[in-house]
Structures are given as C-alpha cells and as structure tokens.
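As structure tokens, the structure follows; a few thoughts come after it.
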Amino acid sequence: MNNLYTGHSLKDTIRIKKLITVYYNEFSNNYIFGGELHDFWELVYVDKGSAVITAENDDFVLSQGDIVFHKPNEFHAIKSLTDDPPNVVVLTFTTSRSSDMSFFENLITTVPIALRFHIAEILENAKNTFVLPMPQGKLVLLDKPIFGGEQMIRTHLEQFLTELVRENSANAFSAYISIDTNKTISDCISYLADNIYGNVTIDDVCAKTNYSRTYICTLFRAVTQKTIIQYYNEMKIDEAKKLIRKNKHTFAEISELLGFNTPTYFSHTFLKITNMTPSQYRKSILK
C-alpha cells in the first residue's frame with residue numbers, strides 16, 4: 001500500500017540548547033556590577049526604571065521596555081541610575097549554531113508591548129520549575145517542578161527571539177498586531193505611568209483613548225495578559241518598591257503618595273502582588 005503522506009521535517013532557525021541562568025533583579029539606587037564576559041549569550045531586559053549598560057567599551061542608558069543582547073565573549077557591565085533604580089531581567093543561554101543569531105549581535109532595542117508577555121511567561125515558568133534565587137549561581141530543579149516548565153521556557157524564549165527578528169523585517173509587525181493597536185496600548189500605559197501618583201479609573205482611560213469600556217478592556221487584556229487595574233496596581237507597587245529602596249519615606253507616606261485609600265489597603269495590595277509585606281520587602285533588600 002503506497003503511503004501518500006511523506007511528511008515534512010520542520011526546520012529550526014533559532015534553537016535554545018541550554019538555559020544557564022535566570023534572574024529578576026531589583027537593584028538599589030547605588031548598584032554597580034563591575035563586569036564579566038562568558039562564552040554564551042546574555043539578554044538584559046529593563047522591566048522598570050533605568051540602567052547604564054556597558055558593552056565592550058561603550059555605555060548606553062536603557063529605560064523601561066529596552067533590551068540589550070551580549071554576544072558570547074563580549075565584556076559587559078551594568079549599574080543603576082541613582083534617581084531611577086531599575087528592575088532587570090537577565091537570561092543567559094546557549095543556542096545551536098545558527099547564522100540567524102548574528103541578528104542579535106550588538107542589538108539594543110525596545111521590545112514591542114505585544115511581545116513582552118513572553119518574558120513574563122519565561123519568568124513564571126522558571127519560578128515554578130527551578131529553585132529561585134539560584135543556589136550558588138546554578139539552576140536546580142524543584143522537587144516537584146511544574147509539568148512542561150522547561151519546554152515552556154525554551155518555547156517562549158525561541159518564539160520571543162524569532163518575533164524580534166520578524167519585527168525588524170519589513171511589514172512583519174503589522175501582521176502580528178496592528179501598529180494602531182500597539183500605539184493605543186502604549187498610550188494607555190503611558191497615561192497610567194503619568195498618573196502613578198494619583199488615581200485612574202477605567203472611565204478615565206476610556207476618555208483618554210476615545211474607546212468604549214468593553215473595547216479598551218478587551219484589547220488591553222489581549223495584549224498585556226492583564227486587566228487595566230491589575231496593570232496599574234502593579235505599576236504602583238513597583239514604584240512603591242523603588243521608594244522603599246530609596247529609604248526616604250515611611251510606608252504611610254508612600255501609601256498616600258501613590259493614592260491608596262489607606263495604608264492597610266496599600267499593604268494588602270503590596271502583599272498580593274509581591275507575596276511580601278512592605279516591611280518584609282524592606283528587610284529583604286537590607287540583607
């Protein structure tokens with residue numbers, strides 16, 4: 001009997017071979033890392049705040065949403081901007097030999113909002129797969145890691161890198177998500193950030209964007225994987241952590257500055273988002 005179906009071997013363009021380190025660092029305002037080099041890739045993504053990145057002999061300032069790639073054997077260093085201490089994601093990894101990875105050499109860019117959920121998924125799966133922070137700088141599996149966690153990390157990282165290459169190809173990003181949509185969500189996030197020391201409602205966002213409540217809420221969640229209020233509260237707590245690291249205000253003052261109704265509600269929100277109380281967080285950064 002003749003087999004009419006021969007199948008097609010799928011080609012790997014970018015293939016992650018090993019994950020070496022996973023870090024989510026909340027740097028103090030005086031943090032300085034003197035530098036290193038190693039024979040594998042490293043990406044540094046600024047989730048909040050700003051950082052000064054050194055690559056070989058050049059210095060660059062990265063702000064929220066920016067990413068830099070350090071190729072193997074490239075000297076690199078990082079330090080905080082004292083008035084805007086950063087939260088930074090650092091991933092190091094090896095890949096199969098591929099000419100496509102040359103795209104990432106010396107690459108510094110802003111990650112499109114629609115692609116940032118890949119980074120969040122990598123971190124979430126890493127948290128449920130490995131002991132974090134890493135003991136002695138090595139990845140160690142949890143006693144009961146989540147099913148498929150390692151595969152999900154690799155899948156999201158490979159897709160993230162592939163989408164970045166596509167995004168820099170002509171008209172590629174418009175096929176992924178419309179430029180107008182991306183700008184709408186970017187404008188929403190900028191509006192929330194501009195009013196971090198206040199109170200923004202869904203109706204305020206609707207008025208700002210000229211879209212209906214249902215449309216903007218659905219669009220925002222589709223792109224960011226979060227509700228507007230959830231995203232806004234997380235922004236406020238990130239700002240609260242920055243203020244705590246500066247050590248210039250009491251918790252009650254921070255609560256009032258950020259527009260929380262009461263210090264109790266501030267503490268409740270902080271605990272819900274970080275799994276720590278403000279006091280526990282302050283102790284953790286003073287170790």
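Residue numbers start at 1 in each chain; chains themselves are named A, B, ... in the order of the structure tokens; ligands are numbered from 1 in the order shown.
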
- segment 12-21 of chain A surroundings by only C-alpha atoms, 9 Å radius, close-in-sequence under 2 positions cut, as a list in words: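 The filter keeps Leu10, Tyr23, Phe40, Val90, Leu91, Thr92, Phe93, Thr94, Thr95, Ser96, Arg97, Ser98, Ser99, Asp100, Met101, Met134, Gly137, Lys138, Leu139, Ile153, Arg154, Thr155, Leu157, Glu158, Gln159, Leu161 and Thr162 of chain A.
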
- Mind checking which residues fall within 8 Å of segment 270-281 of chain A, counting only C-alpha atoms, ignoring those fewer than 6 positions away in the same chain, and posting them as JSON, numbers by chain? {"A": [234, 237, 241, 251]}

- Task: May I ask for the distance between atom CA of Lys242 of chain A and atom CA of Ile254 of chain A, given in Å to one decimal place?
- Result: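 Atom CA of Ile254 of chain A lies 10.3 Å from atom CA of Lys242 of chain A.
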
Would you please extract all helix (DSSP H, G or I) residues from segment 63-200 of chain A, as assigned by DSSP on the backbone, and give them as a tab-separated table (two decimals) with N, CA and C atoms, in the first residue's frame?
```tsv
chain	number	residue	atom	x	y	z
A	99	SER	N	23.23	31.08	11.79
A	99	SER	CA	23.59	32.42	11.30
A	99	SER	C	22.55	33.45	11.71
A	100	ASP	N	21.33	32.98	12.03
A	100	ASP	CA	20.27	33.91	12.42
A	100	ASP	C	20.59	34.62	13.73
A	101	MET	N	21.39	34.01	14.59
A	101	MET	CA	21.73	34.64	15.87
A	101	MET	C	22.62	35.87	15.68
A	102	SER	N	23.22	36.00	14.50
A	102	SER	CA	24.05	37.19	14.26
A	102	SER	C	23.21	38.46	14.31
A	103	PHE	N	21.90	38.32	14.10
A	103	PHE	CA	20.99	39.47	14.19
A	103	PHE	C	21.09	40.14	15.55
A	104	PHE	N	21.34	39.35	16.61
A	104	PHE	CA	21.30	39.87	17.97
A	104	PHE	C	22.64	40.46	18.43
A	113	ILE	N	5.29	46.00	22.94
A	113	ILE	CA	4.43	45.61	24.06
A	113	ILE	C	3.83	44.22	23.84
A	114	ALA	N	3.47	43.93	22.60
A	114	ALA	CA	2.82	42.65	22.31
A	114	ALA	C	3.74	41.46	22.51
A	115	LEU	N	5.06	41.68	22.62
A	115	LEU	CA	5.99	40.57	22.81
A	115	LEU	C	6.45	40.41	24.25
A	116	ARG	N	6.11	41.36	25.11
A	116	ARG	CA	6.66	41.34	26.47
A	116	ARG	C	6.11	40.21	27.32
A	117	PHE	N	4.93	39.69	26.93
A	117	PHE	CA	4.37	38.60	27.73
A	117	PHE	C	5.25	37.37	27.68
A	118	HIS	N	6.07	37.22	26.61
A	118	HIS	CA	6.98	36.07	26.55
A	118	HIS	C	7.97	36.10	27.71
A	119	ILE	N	8.46	37.29	28.04
A	119	ILE	CA	9.39	37.41	29.15
A	119	ILE	C	8.71	37.06	30.46
A	120	ALA	N	7.47	37.52	30.63
A	120	ALA	CA	6.71	37.19	31.83
A	120	ALA	C	6.48	35.69	31.94
A	121	GLU	N	6.17	35.05	30.81
A	121	GLU	CA	5.94	33.60	30.82
A	121	GLU	C	7.22	32.83	31.14
A	122	ILE	N	8.34	33.29	30.63
A	122	ILE	CA	9.63	32.65	30.95
A	122	ILE	C	9.89	32.71	32.45
A	123	LEU	N	9.68	33.89	33.04
A	123	LEU	CA	9.91	34.05	34.47
A	123	LEU	C	8.94	33.22	35.29
A	124	GLU	N	7.67	33.20	34.90
A	124	GLU	CA	6.67	32.44	35.65
A	124	GLU	C	6.96	30.95	35.60
A	125	ASN	N	7.32	30.44	34.44
A	125	ASN	CA	7.65	29.02	34.33
A	125	ASN	C	8.95	28.69	35.05
A	126	ALA	N	9.91	29.62	35.01
A	126	ALA	CA	11.17	29.40	35.74
A	126	ALA	C	10.92	29.32	37.24
A	127	LYS	N	10.03	30.19	37.74
A	127	LYS	CA	9.72	30.20	39.17
A	127	LYS	C	9.09	28.89	39.62
A	135	PRO	N	20.68	28.77	43.82
A	135	PRO	CA	21.72	28.48	44.80
A	135	PRO	C	23.09	28.32	44.13
A	136	GLN	N	24.09	29.04	44.65
A	136	GLN	CA	25.45	29.00	44.08
A	136	GLN	C	25.47	29.31	42.59
A	137	GLY	N	24.50	30.10	42.12
A	137	GLY	CA	24.50	30.51	40.73
A	137	GLY	C	24.20	29.41	39.74
A	149	GLY	N	7.49	22.72	32.35
A	149	GLY	CA	8.07	24.04	32.60
A	149	GLY	C	9.30	24.33	31.77
A	150	GLU	N	10.22	23.35	31.67
A	150	GLU	CA	11.43	23.57	30.90
A	150	GLU	C	11.13	23.78	29.42
A	151	GLN	N	10.19	23.00	28.90
A	151	GLN	CA	9.81	23.14	27.49
A	151	GLN	C	9.15	24.48	27.23
A	152	MET	N	8.32	24.95	28.18
A	152	MET	CA	7.66	26.24	28.00
A	152	MET	C	8.67	27.39	28.02
A	153	ILE	N	9.69	27.28	28.86
A	153	ILE	CA	10.73	28.30	28.90
A	153	ILE	C	11.42	28.37	27.54
A	154	ARG	N	11.82	27.21	27.04
A	154	ARG	CA	12.51	27.17	25.75
A	154	ARG	C	11.60	27.68	24.63
A	155	THR	N	10.34	27.25	24.64
A	155	THR	CA	9.40	27.65	23.59
A	155	THR	C	9.20	29.16	23.57
A	156	HIS	N	8.96	29.73	24.76
A	156	HIS	CA	8.73	31.19	24.81
A	156	HIS	C	9.98	31.96	24.44
A	157	LEU	N	11.15	31.48	24.86
A	157	LEU	CA	12.38	32.19	24.52
A	157	LEU	C	12.66	32.11	23.02
A	158	GLU	N	12.46	30.94	22.43
A	158	GLU	CA	12.67	30.81	20.99
A	158	GLU	C	11.67	31.66	20.20
A	159	GLN	N	10.41	31.67	20.65
A	159	GLN	CA	9.41	32.47	19.95
A	159	GLN	C	9.71	33.96	20.12
A	160	PHE	N	10.13	34.35	21.30
A	160	PHE	CA	10.46	35.75	21.56
A	160	PHE	C	11.58	36.21	20.62
A	161	LEU	N	12.65	35.41	20.52
A	161	LEU	CA	13.76	35.77	19.65
A	161	LEU	C	13.33	35.81	18.19
A	162	THR	N	12.53	34.84	17.79
A	162	THR	CA	12.06	34.78	16.40
A	162	THR	C	11.20	36.00	16.07
A	163	GLU	N	10.29	36.36	16.99
A	163	GLU	CA	9.41	37.52	16.76
A	163	GLU	C	10.22	38.81	16.69
A	164	LEU	N	11.30	38.90	17.47
A	164	LEU	CA	12.13	40.11	17.40
A	164	LEU	C	12.77	40.24	16.03
A	165	VAL	N	13.22	39.12	15.48
A	165	VAL	CA	13.79	39.17	14.12
A	165	VAL	C	12.71	39.58	13.13
A	166	ARG	N	11.54	38.98	13.25
A	166	ARG	CA	10.44	39.31	12.33
A	166	ARG	C	10.03	40.78	12.46
A	167	GLU	N	10.02	41.27	13.69
A	167	GLU	CA	9.57	42.64	13.93
A	167	GLU	C	10.46	43.64	13.22
A	172	ALA	N	6.54	43.16	8.99
A	172	ALA	CA	6.27	41.95	9.74
A	172	ALA	C	5.41	42.22	10.97
A	173	PHE	N	5.68	43.30	11.64
A	173	PHE	CA	4.95	43.51	12.89
A	173	PHE	C	3.48	43.80	12.64
A	174	SER	N	3.16	44.41	11.51
A	174	SER	CA	1.76	44.69	11.23
A	174	SER	C	0.97	43.41	11.06
A	175	ALA	N	1.64	42.32	10.67
A	175	ALA	CA	0.96	41.03	10.56
A	175	ALA	C	0.71	40.42	11.92
A	176	TYR	N	1.54	40.81	12.89
A	176	TYR	CA	1.39	40.24	14.24
A	176	TYR	C	0.34	40.98	15.03
A	179	ILE	N	-0.24	48.34	14.05
A	179	ILE	CA	0.51	49.44	14.66
A	179	ILE	C	-0.42	50.32	15.49
A	180	ASP	N	-1.64	50.54	15.00
A	180	ASP	CA	-2.60	51.35	15.73
A	180	ASP	C	-2.92	50.72	17.09
A	181	THR	N	-3.08	49.40	17.10
A	181	THR	CA	-3.36	48.70	18.36
A	181	THR	C	-2.19	48.85	19.31
A	182	ASN	N	-0.99	48.64	18.82
A	182	ASN	CA	0.19	48.76	19.65
A	182	ASN	C	0.31	50.17	20.22
A	183	LYS	N	0.03	51.18	19.41
A	183	LYS	CA	0.11	52.56	19.87
A	183	LYS	C	-0.97	52.85	20.91
A	184	THR	N	-2.17	52.29	20.71
A	184	THR	CA	-3.25	52.50	21.68
A	184	THR	C	-2.87	51.97	23.05
A	185	ILE	N	-2.34	50.76	23.10
A	185	ILE	CA	-1.94	50.18	24.38
A	185	ILE	C	-0.75	50.93	24.97
A	186	SER	N	0.18	51.32	24.11
A	186	SER	CA	1.33	52.10	24.58
A	186	SER	C	0.87	53.42	25.19
A	187	ASP	N	-0.11	54.07	24.54
A	187	ASP	CA	-0.66	55.32	25.07
A	187	ASP	C	-1.35	55.09	26.41
A	188	CYS	N	-2.07	53.98	26.52
A	188	CYS	CA	-2.73	53.63	27.80
A	188	CYS	C	-1.71	53.51	28.92
A	189	ILE	N	-0.65	52.76	28.64
A	189	ILE	CA	0.37	52.52	29.65
A	189	ILE	C	1.08	53.82	30.01
A	190	SER	N	1.35	54.64	29.02
A	190	SER	CA	1.98	55.94	29.30
A	190	SER	C	1.07	56.81	30.17
A	191	TYR	N	-0.23	56.75	29.90
A	191	TYR	CA	-1.20	57.51	30.70
A	191	TYR	C	-1.21	57.03	32.15
A	192	LEU	N	-1.18	55.71	32.33
A	192	LEU	CA	-1.13	55.15	33.69
A	192	LEU	C	0.16	55.59	34.39
A	193	ALA	N	1.27	55.52	33.66
A	193	ALA	CA	2.56	55.89	34.25
A	193	ALA	C	2.61	57.36	34.63
A	194	ASP	N	2.01	58.21	33.79
A	194	ASP	CA	1.99	59.64	34.08
A	194	ASP	C	1.16	59.97	35.31
```

Which of segment 6-229 of chain A counts as strand (DSSP E or B) under DSSP, as a short mmCIF file (atom, residue, chain, number, x, y, z; two decimals) with N, CA and C atoms, in the first residue's frame please?
```cif
data_model
loop_
_atom_site.label_atom_id
_atom_site.label_comp_id
_atom_site.auth_asym_id
_atom_site.auth_seq_id
_atom_site.Cartn_x
_atom_site.Cartn_y
_atom_site.Cartn_z
N ILE A 16 17.26 26.99 21.28
CA ILE A 16 17.91 27.12 22.58
C ILE A 16 18.38 25.74 23.03
N LYS A 17 19.67 25.62 23.32
CA LYS A 17 20.22 24.33 23.76
C LYS A 17 20.24 24.23 25.28
N LYS A 18 20.77 25.26 25.93
CA LYS A 18 20.87 25.24 27.39
C LYS A 18 20.46 26.59 27.97
N LEU A 19 19.72 26.54 29.05
CA LEU A 19 19.44 27.73 29.85
C LEU A 19 20.43 27.72 31.00
N ILE A 20 21.16 28.80 31.17
CA ILE A 20 22.23 28.81 32.16
C ILE A 20 21.83 29.56 33.42
N THR A 21 21.27 30.74 33.27
CA THR A 21 20.83 31.50 34.45
C THR A 21 19.53 32.23 34.16
N VAL A 22 18.76 32.44 35.22
CA VAL A 22 17.53 33.24 35.18
C VAL A 22 17.55 34.16 36.40
N TYR A 23 17.51 35.45 36.17
CA TYR A 23 17.49 36.40 37.28
C TYR A 23 16.40 37.45 37.05
N TYR A 24 15.75 37.83 38.13
CA TYR A 24 14.94 39.06 38.15
C TYR A 24 15.48 39.88 39.30
N ASN A 25 16.20 40.95 38.97
CA ASN A 25 16.90 41.74 39.98
C ASN A 25 16.22 43.09 40.18
N GLU A 26 16.03 43.46 41.44
CA GLU A 26 15.54 44.79 41.80
C GLU A 26 16.71 45.54 42.43
N ILE A 32 26.23 48.63 41.44
CA ILE A 32 27.23 48.61 40.37
C ILE A 32 27.75 47.18 40.23
N PHE A 33 27.69 46.65 39.02
CA PHE A 33 28.32 45.36 38.72
C PHE A 33 29.50 45.63 37.80
N GLY A 34 30.70 45.27 38.24
CA GLY A 34 31.92 45.67 37.57
C GLY A 34 32.14 45.09 36.20
N GLY A 35 31.51 43.95 35.91
CA GLY A 35 31.59 43.42 34.56
C GLY A 35 32.13 42.00 34.49
N GLU A 36 31.87 41.35 33.36
CA GLU A 36 32.31 39.98 33.12
C GLU A 36 32.22 39.70 31.62
N TRP A 41 25.34 33.44 25.35
CA TRP A 41 24.54 34.64 25.13
C TRP A 41 23.94 35.14 26.44
N GLU A 42 23.76 36.45 26.51
CA GLU A 42 23.05 37.05 27.64
C GLU A 42 22.12 38.13 27.10
N LEU A 43 20.90 38.15 27.62
CA LEU A 43 19.99 39.26 27.34
C LEU A 43 19.66 39.96 28.65
N VAL A 44 19.60 41.25 28.59
CA VAL A 44 19.26 42.09 29.75
C VAL A 44 18.07 42.95 29.36
N TYR A 45 16.96 42.76 30.07
CA TYR A 45 15.73 43.49 29.78
C TYR A 45 15.37 44.35 30.98
N VAL A 46 15.14 45.64 30.73
CA VAL A 46 14.80 46.56 31.81
C VAL A 46 13.28 46.59 31.96
N ASP A 47 12.81 46.02 33.06
CA ASP A 47 11.37 45.93 33.31
C ASP A 47 10.83 47.24 33.90
N LYS A 48 11.62 47.87 34.73
CA LYS A 48 11.26 49.15 35.34
C LYS A 48 12.52 49.98 35.51
N SER A 50 15.70 52.64 35.05
CA SER A 50 16.73 52.85 34.03
C SER A 50 18.06 52.31 34.52
N ALA A 51 18.87 51.83 33.57
CA ALA A 51 20.17 51.26 33.90
C ALA A 51 21.20 51.71 32.88
N VAL A 52 22.44 51.78 33.32
CA VAL A 52 23.55 52.07 32.42
C VAL A 52 24.23 50.74 32.07
N ILE A 53 24.26 50.41 30.80
CA ILE A 53 24.83 49.17 30.31
C ILE A 53 26.16 49.45 29.63
N THR A 54 27.15 48.65 29.95
CA THR A 54 28.43 48.72 29.25
C THR A 54 28.56 47.48 28.37
N ALA A 55 28.86 47.69 27.09
CA ALA A 55 29.12 46.60 26.16
C ALA A 55 30.45 46.90 25.48
N ASP A 58 31.61 50.70 25.21
CA ASP A 58 30.55 51.70 25.03
C ASP A 58 29.53 51.61 26.15
N ASP A 59 29.01 52.76 26.58
CA ASP A 59 27.98 52.83 27.60
C ASP A 59 26.66 53.28 26.97
N PHE A 60 25.56 52.67 27.44
CA PHE A 60 24.24 53.01 26.96
C PHE A 60 23.28 53.10 28.13
N VAL A 61 22.30 53.98 28.03
CA VAL A 61 21.24 54.06 29.04
C VAL A 61 20.03 53.32 28.50
N LEU A 62 19.56 52.32 29.27
CA LEU A 62 18.36 51.57 28.92
C LEU A 62 17.24 51.96 29.87
N SER A 63 16.05 52.18 29.32
CA SER A 63 14.88 52.52 30.11
C SER A 63 13.86 51.39 30.03
N ASP A 66 13.34 48.41 27.33
CA ASP A 66 14.51 48.25 26.47
C ASP A 66 15.22 46.93 26.77
N ILE A 67 15.91 46.41 25.76
CA ILE A 67 16.64 45.15 25.90
C ILE A 67 17.98 45.27 25.19
N VAL A 68 19.00 44.60 25.74
CA VAL A 68 20.30 44.53 25.10
C VAL A 68 20.73 43.07 25.08
N PHE A 69 21.42 42.68 24.00
CA PHE A 69 21.97 41.33 23.89
C PHE A 69 23.49 41.41 23.91
N HIS A 70 24.09 40.57 24.75
CA HIS A 70 25.54 40.46 24.79
C HIS A 70 25.93 39.14 24.14
N HIS A 76 30.78 42.92 29.44
CA HIS A 76 29.60 43.74 29.72
C HIS A 76 29.48 44.00 31.22
N ALA A 77 28.84 45.11 31.54
CA ALA A 77 28.65 45.52 32.93
C ALA A 77 27.33 46.28 33.03
N ILE A 78 26.90 46.54 34.27
CA ILE A 78 25.63 47.24 34.47
C ILE A 78 25.68 47.99 35.79
N LYS A 79 25.00 49.14 35.83
CA LYS A 79 24.85 49.87 37.07
C LYS A 79 23.53 50.63 37.05
N SER A 80 23.06 51.00 38.23
CA SER A 80 21.80 51.74 38.34
C SER A 80 22.00 53.21 38.05
N ASN A 87 14.49 47.55 37.74
CA ASN A 87 14.22 46.12 37.86
C ASN A 87 14.66 45.49 36.54
N VAL A 88 15.48 44.47 36.61
CA VAL A 88 16.13 43.95 35.41
C VAL A 88 15.98 42.44 35.32
N VAL A 89 15.63 41.96 34.13
CA VAL A 89 15.61 40.52 33.83
C VAL A 89 16.91 40.18 33.12
N VAL A 90 17.59 39.14 33.60
CA VAL A 90 18.81 38.66 32.96
C VAL A 90 18.64 37.18 32.65
N LEU A 91 18.77 36.83 31.39
CA LEU A 91 18.75 35.43 30.96
C LEU A 91 20.04 35.13 30.22
N THR A 92 20.66 34.00 30.54
CA THR A 92 21.82 33.56 29.77
C THR A 92 21.54 32.17 29.24
N PHE A 93 22.06 31.90 28.03
CA PHE A 93 21.69 30.67 27.34
C PHE A 93 22.67 30.38 26.21
N THR A 94 22.65 29.13 25.76
CA THR A 94 23.40 28.75 24.57
C THR A 94 22.40 28.36 23.49
N THR A 95 22.84 28.47 22.24
CA THR A 95 21.97 28.14 21.11
C THR A 95 22.70 27.18 20.17
N ILE A 108 20.50 46.59 20.58
CA ILE A 108 19.81 47.30 21.66
C ILE A 108 18.52 47.84 21.05
N THR A 109 17.39 47.47 21.64
CA THR A 109 16.11 47.86 21.05
C THR A 109 15.05 47.92 22.14
N THR A 110 13.90 48.45 21.77
CA THR A 110 12.73 48.45 22.66
C THR A 110 11.83 47.29 22.27
N PHE A 130 12.37 25.88 38.75
CA PHE A 130 13.69 25.89 39.37
C PHE A 130 13.65 26.54 40.76
N LEU A 141 16.50 22.06 39.78
CA LEU A 141 15.07 21.77 39.66
C LEU A 141 14.41 21.70 41.02
#
```

- Residue with smallest distance to Lys283 of chain A - pool A:His268, A:Lys226, A:Arg221, A:Arg245, counting only C-alpha atoms: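 The shortest atom-to-atom distance to Lys283 of chain A comes from A:Arg245.
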
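Comparing the minimum interatomic distances between Thr201 of chain A and each of A:Asn128, A:Asn57, A:Gln230, A:Asn106, counting only C-alpha atoms, we find that A:Gln230 sits nearest.
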
- Note on the structure: One decimal place gives the atom CA of Asn195 of chain A-atom CA of Ser267 of chain A separation as 20.1 Å

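Counting from atom CA of Ala240 of chain A, the distance to atom CA of Pro263 of chain A is 12.1 Å.
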